[in-house]
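Chemist: Coordinates in coords_23.pdb, PDB, C-alpha atoms and all ligand atoms, are listed below.
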```pdb
ATOM      1  CA  MET J 454     164.984-100.260 124.985  1.00  0.00           C
ATOM      2  CA  ASP J 455     165.203 -97.631 127.733  1.00  0.00           C
ATOM      3  CA  LYS J 456     163.579 -94.274 127.055  1.00  0.00           C
ATOM      4  CA  THR J 457     165.827 -91.840 125.193  1.00  0.00           C
ATOM      5  CA  GLU J 458     165.322 -88.082 125.288  1.00  0.00           C
ATOM      6  CA  ILE J 459     167.100 -85.875 122.755  1.00  0.00           C
ATOM      7  CA  TYR J 460     167.210 -82.222 123.806  1.00  0.00           C
ATOM      8  CA  TYR J 461     168.129 -79.976 120.882  1.00  0.00           C
ATOM      9  CA  PHE J 462     168.890 -76.389 120.008  1.00  0.00           C
ATOM     10  CA  SER J 463     169.219 -75.276 116.396  1.00  0.00           C
ATOM     11  CA  GLY J 464     169.567 -71.785 114.953  1.00  0.00           C
ATOM     12  CA  THR J 465     169.253 -72.582 111.242  1.00  0.00           C
ATOM     13  CA  GLY J 466     168.377 -76.262 111.013  1.00  0.00           C
ATOM     14  CA  ASN J 467     171.645 -78.247 110.904  1.00  0.00           C
ATOM     15  CA  SER J 468     171.353 -79.498 114.466  1.00  0.00           C
ATOM     16  CA  LEU J 469     167.613 -80.049 114.045  1.00  0.00           C
ATOM     17  CA  TYR J 470     168.377 -82.245 111.015  1.00  0.00           C
ATOM     18  CA  VAL J 471     170.859 -84.242 113.098  1.00  0.00           C
ATOM     19  CA  ALA J 472     168.440 -84.533 116.026  1.00  0.00           C
ATOM     20  CA  LYS J 473     165.697 -85.817 113.705  1.00  0.00           C
ATOM     21  CA  GLU J 474     168.044 -88.303 112.023  1.00  0.00           C
ATOM     22  CA  LEU J 475     169.120 -89.574 115.430  1.00  0.00           C
ATOM     23  CA  GLN J 476     165.494 -89.896 116.486  1.00  0.00           C
ATOM     24  CA  LYS J 477     164.873 -92.119 113.427  1.00  0.00           C
ATOM     25  CA  ARG J 478     167.763 -94.338 114.457  1.00  0.00           C
ATOM     26  CA  ILE J 479     166.914 -94.737 118.150  1.00  0.00           C
ATOM     27  CA  PRO J 480     163.693 -96.623 118.930  1.00  0.00           C
ATOM     28  CA  GLU J 481     161.063 -94.440 120.613  1.00  0.00           C
ATOM     29  CA  ALA J 482     163.380 -91.504 121.083  1.00  0.00           C
ATOM     30  CA  GLU J 483     161.676 -88.244 122.007  1.00  0.00           C
ATOM     31  CA  LEU J 484     162.807 -84.859 120.624  1.00  0.00           C
ATOM     32  CA  LEU J 485     162.614 -81.916 123.029  1.00  0.00           C
ATOM     33  CA  PRO J 486     163.357 -78.304 121.996  1.00  0.00           C
ATOM     34  CA  ILE J 487     165.583 -76.680 124.620  1.00  0.00           C
ATOM     35  CA  VAL J 488     164.343 -73.139 123.939  1.00  0.00           C
ATOM     36  CA  SER J 489     160.731 -73.947 124.763  1.00  0.00           C
ATOM     37  CA  LEU J 490     161.752 -75.525 128.099  1.00  0.00           C
ATOM     38  CA  LEU J 491     163.809 -72.682 129.475  1.00  0.00           C
ATOM     39  CA  ASP J 492     160.838 -70.787 130.921  1.00  0.00           C
ATOM     40  CA  GLN J 493     159.977 -73.668 133.231  1.00  0.00           C
ATOM     41  CA  ASP J 494     161.013 -73.207 136.866  1.00  0.00           C
ATOM     42  CA  VAL J 495     162.261 -76.778 137.029  1.00  0.00           C
ATOM     43  CA  ILE J 496     163.401 -78.918 134.123  1.00  0.00           C
ATOM     44  CA  LYS J 497     163.687 -82.613 134.922  1.00  0.00           C
ATOM     45  CA  THR J 498     164.716 -85.328 132.492  1.00  0.00           C
ATOM     46  CA  ASN J 499     162.702 -88.551 132.324  1.00  0.00           C
ATOM     47  CA  GLY J 500     164.861 -90.735 130.105  1.00  0.00           C
ATOM     48  CA  LYS J 501     167.515 -93.218 131.161  1.00  0.00           C
ATOM     49  CA  ASN J 502     169.350 -92.112 128.024  1.00  0.00           C
ATOM     50  CA  VAL J 503     169.676 -88.376 127.561  1.00  0.00           C
ATOM     51  CA  GLY J 504     171.269 -86.611 124.588  1.00  0.00           C
ATOM     52  CA  PHE J 505     171.983 -83.007 123.596  1.00  0.00           C
ATOM     53  CA  VAL J 506     172.290 -81.795 120.003  1.00  0.00           C
ATOM     54  CA  PHE J 507     173.375 -78.197 119.324  1.00  0.00           C
ATOM     55  CA  PRO J 508     175.668 -76.037 117.152  1.00  0.00           C
ATOM     56  CA  VAL J 509     179.106 -74.717 118.107  1.00  0.00           C
ATOM     57  CA  HIS J 510     178.875 -71.010 118.952  1.00  0.00           C
ATOM     58  CA  ALA J 511     182.061 -69.014 119.472  1.00  0.00           C
ATOM     59  CA  LEU J 512     184.122 -72.190 119.969  1.00  0.00           C
ATOM     60  CA  THR J 513     181.876 -73.517 122.705  1.00  0.00           C
ATOM     61  CA  ILE J 514     178.266 -74.386 123.572  1.00  0.00           C
ATOM     62  CA  PRO J 515     175.530 -71.820 122.856  1.00  0.00           C
ATOM     63  CA  ILE J 516     174.447 -69.740 125.859  1.00  0.00           C
ATOM     64  CA  VAL J 517     170.935 -71.239 125.833  1.00  0.00           C
ATOM     65  CA  VAL J 518     172.395 -74.744 126.021  1.00  0.00           C
ATOM     66  CA  LYS J 519     174.568 -73.706 128.952  1.00  0.00           C
ATOM     67  CA  ARG J 520     171.531 -72.255 130.739  1.00  0.00           C
ATOM     68  CA  PHE J 521     169.599 -75.445 130.079  1.00  0.00           C
ATOM     69  CA  LEU J 522     172.390 -77.677 131.395  1.00  0.00           C
ATOM     70  CA  LYS J 523     172.786 -75.610 134.561  1.00  0.00           C
ATOM     71  CA  LYS J 524     169.064 -75.565 135.240  1.00  0.00           C
ATOM     72  CA  THR J 525     168.163 -79.180 134.527  1.00  0.00           C
ATOM     73  CA  ASP J 526     167.883 -82.055 136.954  1.00  0.00           C
ATOM     74  CA  PHE J 527     169.448 -85.073 135.265  1.00  0.00           C
ATOM     75  CA  SER J 528     168.700 -87.621 138.008  1.00  0.00           C
ATOM     76  CA  SER J 529     166.906 -89.950 135.562  1.00  0.00           C
ATOM     77  CA  ALA J 530     169.904 -90.152 133.230  1.00  0.00           C
ATOM     78  CA  GLU J 531     172.158 -93.212 133.279  1.00  0.00           C
ATOM     79  CA  TYR J 532     173.746 -92.593 129.879  1.00  0.00           C
ATOM     80  CA  ILE J 533     174.416 -89.083 128.556  1.00  0.00           C
ATOM     81  CA  PHE J 534     175.631 -88.132 125.076  1.00  0.00           C
ATOM     82  CA  ALA J 535     176.176 -84.917 123.120  1.00  0.00           C
ATOM     83  CA  VAL J 536     176.395 -84.210 119.398  1.00  0.00           C
ATOM     84  CA  THR J 537     177.513 -80.839 118.111  1.00  0.00           C
ATOM     85  CA  THR J 538     177.423 -79.438 114.579  1.00  0.00           C
ATOM     86  CA  ARG J 539     179.862 -76.775 113.470  1.00  0.00           C
ATOM     87  CA  GLY J 540     181.435 -74.831 110.634  1.00  0.00           C
ATOM     88  CA  GLY J 541     184.908 -76.121 111.295  1.00  0.00           C
ATOM     89  CA  SER J 542     186.737 -74.364 114.121  1.00  0.00           C
ATOM     90  CA  ILE J 543     188.187 -75.890 117.226  1.00  0.00           C
ATOM     91  CA  PHE J 544     185.504 -76.752 119.811  1.00  0.00           C
ATOM     92  CA  ARG J 545     186.055 -76.639 123.558  1.00  0.00           C
ATOM     93  CA  GLY J 546     182.479 -77.124 124.713  1.00  0.00           C
ATOM     94  CA  PHE J 547     182.547 -80.750 125.847  1.00  0.00           C
ATOM     95  CA  GLU J 548     184.837 -79.763 128.722  1.00  0.00           C
ATOM     96  CA  GLU J 549     182.252 -77.118 129.654  1.00  0.00           C
ATOM     97  CA  ILE J 550     179.448 -79.703 129.639  1.00  0.00           C
ATOM     98  CA  GLU J 551     181.585 -82.066 131.740  1.00  0.00           C
ATOM     99  CA  ARG J 552     182.158 -79.309 134.295  1.00  0.00           C
ATOM    100  CA  ILE J 553     178.420 -78.625 134.617  1.00  0.00           C
ATOM    101  CA  LEU J 554     177.457 -82.311 134.782  1.00  0.00           C
ATOM    102  CA  LYS J 555     180.165 -83.093 137.329  1.00  0.00           C
ATOM    103  CA  LYS J 556     178.515 -80.704 139.776  1.00  0.00           C
ATOM    104  CA  LYS J 557     175.384 -82.852 139.390  1.00  0.00           C
ATOM    105  CA  SER J 558     177.375 -86.087 139.862  1.00  0.00           C
ATOM    106  CA  LYS J 559     176.866 -87.010 136.215  1.00  0.00           C
ATOM    107  CA  ARG J 560     179.258 -87.411 133.302  1.00  0.00           C
ATOM    108  CA  LEU J 561     179.225 -87.160 129.540  1.00  0.00           C
ATOM    109  CA  ASP J 562     179.519 -90.767 128.344  1.00  0.00           C
ATOM    110  CA  ALA J 563     179.798 -90.051 124.638  1.00  0.00           C
ATOM    111  CA  HIS J 564     180.320 -87.026 122.448  1.00  0.00           C
ATOM    112  CA  PHE J 565     180.608 -86.384 118.734  1.00  0.00           C
ATOM    113  CA  ILE J 566     181.358 -83.508 116.343  1.00  0.00           C
ATOM    114  CA  LEU J 567     179.817 -83.137 112.894  1.00  0.00           C
ATOM    115  CA  ASN J 568     181.261 -80.681 110.359  1.00  0.00           C
ATOM    116  CA  MET J 569     178.272 -79.187 108.557  1.00  0.00           C
ATOM    117  CA  GLY J 570     179.430 -75.908 107.110  1.00  0.00           C
ATOM    118  CA  MET J 571     179.065 -72.388 108.372  1.00  0.00           C
ATOM    119  CA  ASN J 572     175.665 -70.732 108.741  1.00  0.00           C
ATOM    120  CA  ASP J 573     177.144 -67.387 109.666  1.00  0.00           C
ATOM    121  CA  PRO J 574     178.061 -65.372 106.519  1.00  0.00           C
ATOM    122  CA  LYS J 575     180.277 -62.944 108.469  1.00  0.00           C
ATOM    123  CA  PRO J 576     183.620 -64.819 108.380  1.00  0.00           C
ATOM    124  CA  LYS J 577     185.914 -63.884 105.545  1.00  0.00           C
ATOM    125  CA  GLY J 578     185.779 -66.385 102.722  1.00  0.00           C
ATOM    126  CA  TYR J 579     182.224 -67.557 103.419  1.00  0.00           C
ATOM    127  CA  LYS J 580     180.496 -69.006 100.393  1.00  0.00           C
ATOM    128  CA  CYS J 581     177.127 -70.643 100.117  1.00  0.00           C
ATOM    129  CA  PRO J 582     177.523 -74.392  99.457  1.00  0.00           C
ATOM    130  CA  THR J 583     176.316 -75.781  96.124  1.00  0.00           C
ATOM    131  CA  SER J 584     173.603 -78.474  95.965  1.00  0.00           C
ATOM    132  CA  ASP J 585     176.338 -80.970  95.129  1.00  0.00           C
ATOM    133  CA  GLU J 586     178.355 -80.016  98.208  1.00  0.00           C
ATOM    134  CA  ILE J 587     175.241 -80.293 100.359  1.00  0.00           C
ATOM    135  CA  LEU J 588     174.500 -83.782  98.979  1.00  0.00           C
ATOM    136  CA  LYS J 589     178.075 -84.891  99.701  1.00  0.00           C
ATOM    137  CA  MET J 590     177.879 -83.466 103.213  1.00  0.00           C
ATOM    138  CA  GLU J 591     174.599 -85.278 103.800  1.00  0.00           C
ATOM    139  CA  LEU J 592     176.200 -88.592 102.804  1.00  0.00           C
ATOM    140  CA  VAL J 593     179.134 -88.119 105.175  1.00  0.00           C
ATOM    141  CA  ILE J 594     176.873 -86.964 108.018  1.00  0.00           C
ATOM    142  CA  ASN J 595     174.511 -89.901 107.606  1.00  0.00           C
ATOM    143  CA  GLU J 596     177.394 -92.392 107.598  1.00  0.00           C
ATOM    144  CA  LYS J 597     178.674 -90.861 110.802  1.00  0.00           C
ATOM    145  CA  LEU J 598     175.195 -90.909 112.302  1.00  0.00           C
ATOM    146  CA  ASP J 599     175.026 -94.659 111.649  1.00  0.00           C
ATOM    147  CA  LEU J 600     178.174 -95.072 113.758  1.00  0.00           C
ATOM    148  CA  ILE J 601     176.811 -92.761 116.449  1.00  0.00           C
ATOM    149  CA  GLN J 602     173.593 -94.804 116.485  1.00  0.00           C
ATOM    150  CA  LYS J 603     175.507 -98.028 117.246  1.00  0.00           C
ATOM    151  CA  ILE J 604     177.490 -96.378 120.038  1.00  0.00           C
ATOM    152  CA  ILE J 605     174.353 -94.946 121.657  1.00  0.00           C
ATOM    153  CA  LEU J 606     172.309 -98.143 121.348  1.00  0.00           C
ATOM    154  CA  ASN J 607     175.179-100.108 122.952  1.00  0.00           C
ATOM    155  CA  LYS J 608     175.648 -97.353 125.549  1.00  0.00           C
ATOM    156  CA  GLU J 609     179.341 -97.266 124.798  1.00  0.00           C
ATOM    157  CA  VAL J 610     181.724 -94.755 126.300  1.00  0.00           C
ATOM    158  CA  SER J 611     183.075 -92.837 123.299  1.00  0.00           C
ATOM    159  CA  ARG J 612     184.633 -89.425 123.612  1.00  0.00           C
ATOM    160  CA  GLU J 613     185.797 -88.374 120.174  1.00  0.00           C
ATOM    161  CA  GLU J 614     189.015 -86.362 120.091  1.00  0.00           C
ATOM    162  CA  ASP J 615     188.667 -83.116 118.165  1.00  0.00           C
ATOM    163  CA  SER J 616     191.418 -83.546 115.610  1.00  0.00           C
ATOM    164  CA  GLU J 617     189.779 -82.452 112.380  1.00  0.00           C
ATOM    165  CA  TYR J 618     189.161 -78.764 112.570  1.00  0.00           C
ATOM    166  CA  LEU J 619     189.170 -77.273 109.153  1.00  0.00           C
ATOM    167  CA  ILE J 620     192.071 -74.877 108.902  1.00  0.00           C
ATOM    168  CA  GLU J 621     191.070 -73.931 105.345  1.00  0.00           C
ATOM    169  CA  PHE J 622     187.939 -72.528 106.864  1.00  0.00           C
ATOM    170  CA  GLY J 623     189.829 -69.544 108.175  1.00  0.00           C
ATOM    171  CA  TYR J 624     191.114 -70.911 111.455  1.00  0.00           C
ATOM    172  CA  ASN J 625     193.817 -68.653 112.804  1.00  0.00           C
ATOM    173  CA  PRO J 626     195.778 -70.111 115.732  1.00  0.00           C
ATOM    174  CA  VAL J 627     196.653 -66.694 117.168  1.00  0.00           C
ATOM    175  CA  ILE J 628     193.137 -65.266 117.003  1.00  0.00           C
ATOM    176  CA  ASN J 629     191.780 -68.595 118.166  1.00  0.00           C
ATOM    177  CA  SER J 630     193.912 -68.711 121.261  1.00  0.00           C
ATOM    178  CA  ILE J 631     192.845 -65.148 122.135  1.00  0.00           C
ATOM    179  CA  LEU J 632     189.197 -66.094 121.558  1.00  0.00           C
ATOM    180  CA  GLU J 633     189.581 -69.176 123.710  1.00  0.00           C
ATOM    181  CA  LYS J 634     190.891 -67.076 126.580  1.00  0.00           C
ATOM    182  CA  LEU J 635     188.101 -64.550 126.189  1.00  0.00           C
ATOM    183  CA  VAL J 636     185.256 -66.984 125.599  1.00  0.00           C
ATOM    184  CA  ILE J 637     186.228 -70.033 127.574  1.00  0.00           C
ATOM    185  CA  GLY J 638     188.834 -68.733 129.937  1.00  0.00           C
ATOM    186  CA  VAL J 639     191.329 -71.550 129.318  1.00  0.00           C
TER     187      VAL J 639
HETATM  188  C1  LIG P 701     176.698 -66.990 116.477  1.00  0.00           C
HETATM  189  C2  LIG P 701     177.378 -68.151 115.775  1.00  0.00           C
HETATM  190  C3  LIG P 701     178.631 -68.541 116.184  1.00  0.00           C
HETATM  191  C4  LIG P 701     179.270 -69.624 115.561  1.00  0.00           C
HETATM  192  N1  LIG P 701     180.503 -69.994 115.999  1.00  0.00           N
HETATM  193  C5  LIG P 701     181.125 -71.045 115.412  1.00  0.00           C
HETATM  194  C6  LIG P 701     182.418 -71.452 115.861  1.00  0.00           C
HETATM  195  O1  LIG P 701     183.014 -70.911 116.774  1.00  0.00           O
HETATM  196  N2  LIG P 701     182.983 -72.527 115.247  1.00  0.00           N
HETATM  197  C7  LIG P 701     182.375 -73.196 114.215  1.00  0.00           C
HETATM  198  O2  LIG P 701     182.957 -74.138 113.724  1.00  0.00           O
HETATM  199  N3  LIG P 701     181.154 -72.832 113.766  1.00  0.00           N
HETATM  200  C8  LIG P 701     180.512 -71.783 114.339  1.00  0.00           C
HETATM  201  N4  LIG P 701     179.257 -71.405 113.900  1.00  0.00           N
HETATM  202  C9  LIG P 701     178.630 -72.188 112.815  1.00  0.00           C
HETATM  203  C10 LIG P 701     177.626 -73.209 113.332  1.00  0.00           C
HETATM  204  O3  LIG P 701     178.115 -73.903 114.461  1.00  0.00           O
HETATM  205  C11 LIG P 701     177.279 -74.270 112.276  1.00  0.00           C
HETATM  206  O4  LIG P 701     176.944 -73.696 111.047  1.00  0.00           O
HETATM  207  C12 LIG P 701     176.158 -75.168 112.784  1.00  0.00           C
HETATM  208  O5  LIG P 701     176.092 -76.346 112.010  1.00  0.00           O
HETATM  209  C13 LIG P 701     174.821 -74.449 112.734  1.00  0.00           C
HETATM  210  O6  LIG P 701     173.840 -75.281 113.309  1.00  0.00           O
HETATM  211  P1  LIG P 701     172.315 -74.872 113.391  1.00  0.00           P
HETATM  212  O7  LIG P 701     171.822 -74.751 111.965  1.00  0.00           O
HETATM  213  O8  LIG P 701     171.667 -76.012 114.102  1.00  0.00           O
HETATM  214  O9  LIG P 701     172.229 -73.587 114.138  1.00  0.00           O
HETATM  215  C14 LIG P 701     178.626 -70.325 114.498  1.00  0.00           C
HETATM  216  C15 LIG P 701     177.356 -69.898 114.087  1.00  0.00           C
HETATM  217  C16 LIG P 701     176.741 -68.819 114.710  1.00  0.00           C
HETATM  218  C17 LIG P 701     175.368 -68.391 114.233  1.00  0.00           C
END
```
Can you dump the structure from the file as C-alpha cells?
Modeler:
Amino acid sequence: MDKTEIYYFSGTGNSLYVAKELQKRIPEAELLPIVSLLDQDVIKTNGKNVGFVFPVHALTIPIVVKRFLKKTDFSSAEYIFAVTTRGGSIFRGFEEIERILKKKSKRLDAHFILNMGMNDPKPKGYKCPTSDEILKMELVINEKLDLIQKIILNKEVSREEDSEYLIEFGYNPVINSILEKLVIGV
C-alpha cells in the first residue's frame, strides 16, 4: 500500500474523530495536524495518497485549511481526497479546494460530507444532542466511513453531490444565498 497522509483540522473533535477512524481503516496512514504545520516556511507532502479532514465553517473550508492548501507543495500526491464534517448547511468548499489544487496541477479525486451535528451553540434552535442521538450518529458515521475506506483503498474517483443538507437545522435559502455571495463570492 502506498503511503497515505491525512492532514486534519478540528475545532471541537468531530473531524479529529473522523481522521482517527480513517487512520484505523487505511494501512499505515499518518495523521498530521494542519495547525502545527502552518508555521513552517515550506510544507511538502510525502504521501502518494493525501487526504484532508476538516469541519465546514461558514459554508466553506476553514481559513486555516485554506492557508494550508495554498501554502503546501502537493507534488508527491497521486490521489487526493477530502472529508468534511458539518452541522447541516449547504457546503461549497470542495469547489474552493479544486480551484486551489488546479493552480498546482492537481485535482480532488474524491470528496465526502459527514453530518455530525452543530458545535456552535449560536444558531437559533441549537440543542445539545442526547447520548442516544450521539450513539445513532456514530453508527451512521462509521457505516459511511466503511464506504469511504473502500473508495480510498481502491483509489476511486468519487465526488459526492451535496444533496442532503438539513433544512430542519435552520437553513434559510434567502440568508444562505446572501451568505454564499459574501463568503464565497458565487
Ligand atoms: C465558526 C463555525 C462555523 C460553522 N459553520 C458551519 C456551516 O456553515 N455549516 C454547517 O453545517 N456547520 C457549521 N459549523 C459546524 C461544524 O462544521 C460542525 O459542528 C463540525 O462537525 C465541527 O467539527 P470539529 O469538531 O472538528 O470542529 C460551524 C462551526 C463553527 C465553530
Chemist: Find, counting all atoms listed in the file, the residue in J:Ile604, J:Ala530, J:Val593, J:Ile566 that gets nearest to Lys456 of chain J.
Modeler: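 Selected residue with least distance to Lys456 of chain J: J:Ala530.
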Chemist: Pick out the residues no farther than 10 Å from ligand LIG 701 (chain P), counting all atoms listed in the file, and list them as a PyMOL selection string.
Modeler: chain J and resi 461-472+506-515+537-545+566-576+618-619+622-624+629+632-633+636
Chemist: Dig up all the protein and nucleic acid residues within 8 Å of (168.5, -85.9, 135.9) in the file frame, using only C-alpha atoms, and format them as a ChimeraX atom specification.
Modeler: /J:497-499,525-530
Chemist: Just the selected residues (C-alpha atoms), exported as a CSV table (one decimal), in the coordinates of the input, please.
Modeler:
```csv
chain,number,residue,atom,x,y,z
J,497,LYS,CA,163.7,-82.6,134.9
J,498,THR,CA,164.7,-85.3,132.5
J,499,ASN,CA,162.7,-88.6,132.3
J,525,THR,CA,168.2,-79.2,134.5
J,526,ASP,CA,167.9,-82.1,137.0
J,527,PHE,CA,169.4,-85.1,135.3
J,528,SER,CA,168.7,-87.6,138.0
J,529,SER,CA,166.9,-90.0,135.6
J,530,ALA,CA,169.9,-90.2,133.2
```
Chemist: Residues within 9 Å of segment 474-485 of chain J, please, as an mmCIF file with C-alpha atoms, keeping the file's coordinate frame. Count all atoms listed in the file; anything in the same chain fewer than 6 positions from it doesn't count.
Modeler:
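Okay, this is what ended up in part-v6.cif:
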```cif
data_model
loop_
_atom_site.group_PDB
_atom_site.id
_atom_site.type_symbol
_atom_site.label_atom_id
_atom_site.label_comp_id
_atom_site.auth_asym_id
_atom_site.auth_seq_id
_atom_site.Cartn_x
_atom_site.Cartn_y
_atom_site.Cartn_z
ATOM 1 C CA MET J 454 164.984 -100.260 124.985
ATOM 2 C CA ASP J 455 165.203 -97.631 127.733
ATOM 3 C CA LYS J 456 163.579 -94.274 127.055
ATOM 4 C CA THR J 457 165.827 -91.840 125.193
ATOM 5 C CA GLU J 458 165.322 -88.082 125.288
ATOM 6 C CA ILE J 459 167.100 -85.875 122.755
ATOM 7 C CA TYR J 460 167.210 -82.222 123.806
ATOM 8 C CA TYR J 461 168.129 -79.976 120.882
ATOM 9 C CA PHE J 462 168.890 -76.389 120.008
ATOM 10 C CA ASN J 595 174.511 -89.901 107.606
ATOM 11 C CA LEU J 598 175.195 -90.909 112.302
ATOM 12 C CA ASP J 599 175.026 -94.659 111.649
ATOM 13 C CA ILE J 601 176.811 -92.761 116.449
ATOM 14 C CA GLN J 602 173.593 -94.804 116.485
ATOM 15 C CA ILE J 605 174.353 -94.946 121.657
ATOM 16 C CA LEU J 606 172.309 -98.143 121.348
#
```
Chemist: By how many Å are atom CA of Val495 of chain J and atom CA of Val517 of chain J apart?
Modeler: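 Answer for the atom CA of Val495 of chain J to atom CA of Val517 of chain J separation: 15.2 Å.
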Chemist: Just how far from atom CA of Lys501 of chain J is atom CA of Glu551 of chain J, in Å to one decimal?
Modeler: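 These atoms are spaced 18.0 Å apart.
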Chemist: Go through J:Leu522, J:Val488, J:Ala535, J:Val503 one by one, measure the shortest atom-to-atom distance of each to Ser611 of chain J using all atoms listed in the file, and give the residue with the smallest value.
Modeler: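 Closest to Ser611 of chain J of all the choices is J:Ala535.
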Chemist: Rounded to one decimal in Å, what is the spacing between atom CA of Lys597 of chain J and atom CA of Asp562 of chain J?
Modeler: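 It comes out at 17.6 Å.
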Chemist: Which residues are close to Ala563 of chain J, i.e. within 6 Å by all atoms listed in the file, leaving aside same-chain residues fewer than 5 positions away? Reply as a list in words.
Modeler: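 That gives Phe534, Val610, Ser611 and Arg612 of chain J.
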Chemist: Between J:Val536, J:Leu592, J:Leu491, J:Leu561, which residue has the minimum interatomic distance to Phe521 of chain J, considering only C-alpha atoms?
Modeler: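 Of the candidates, the smallest distance to Phe521 of chain J is held by J:Leu491.
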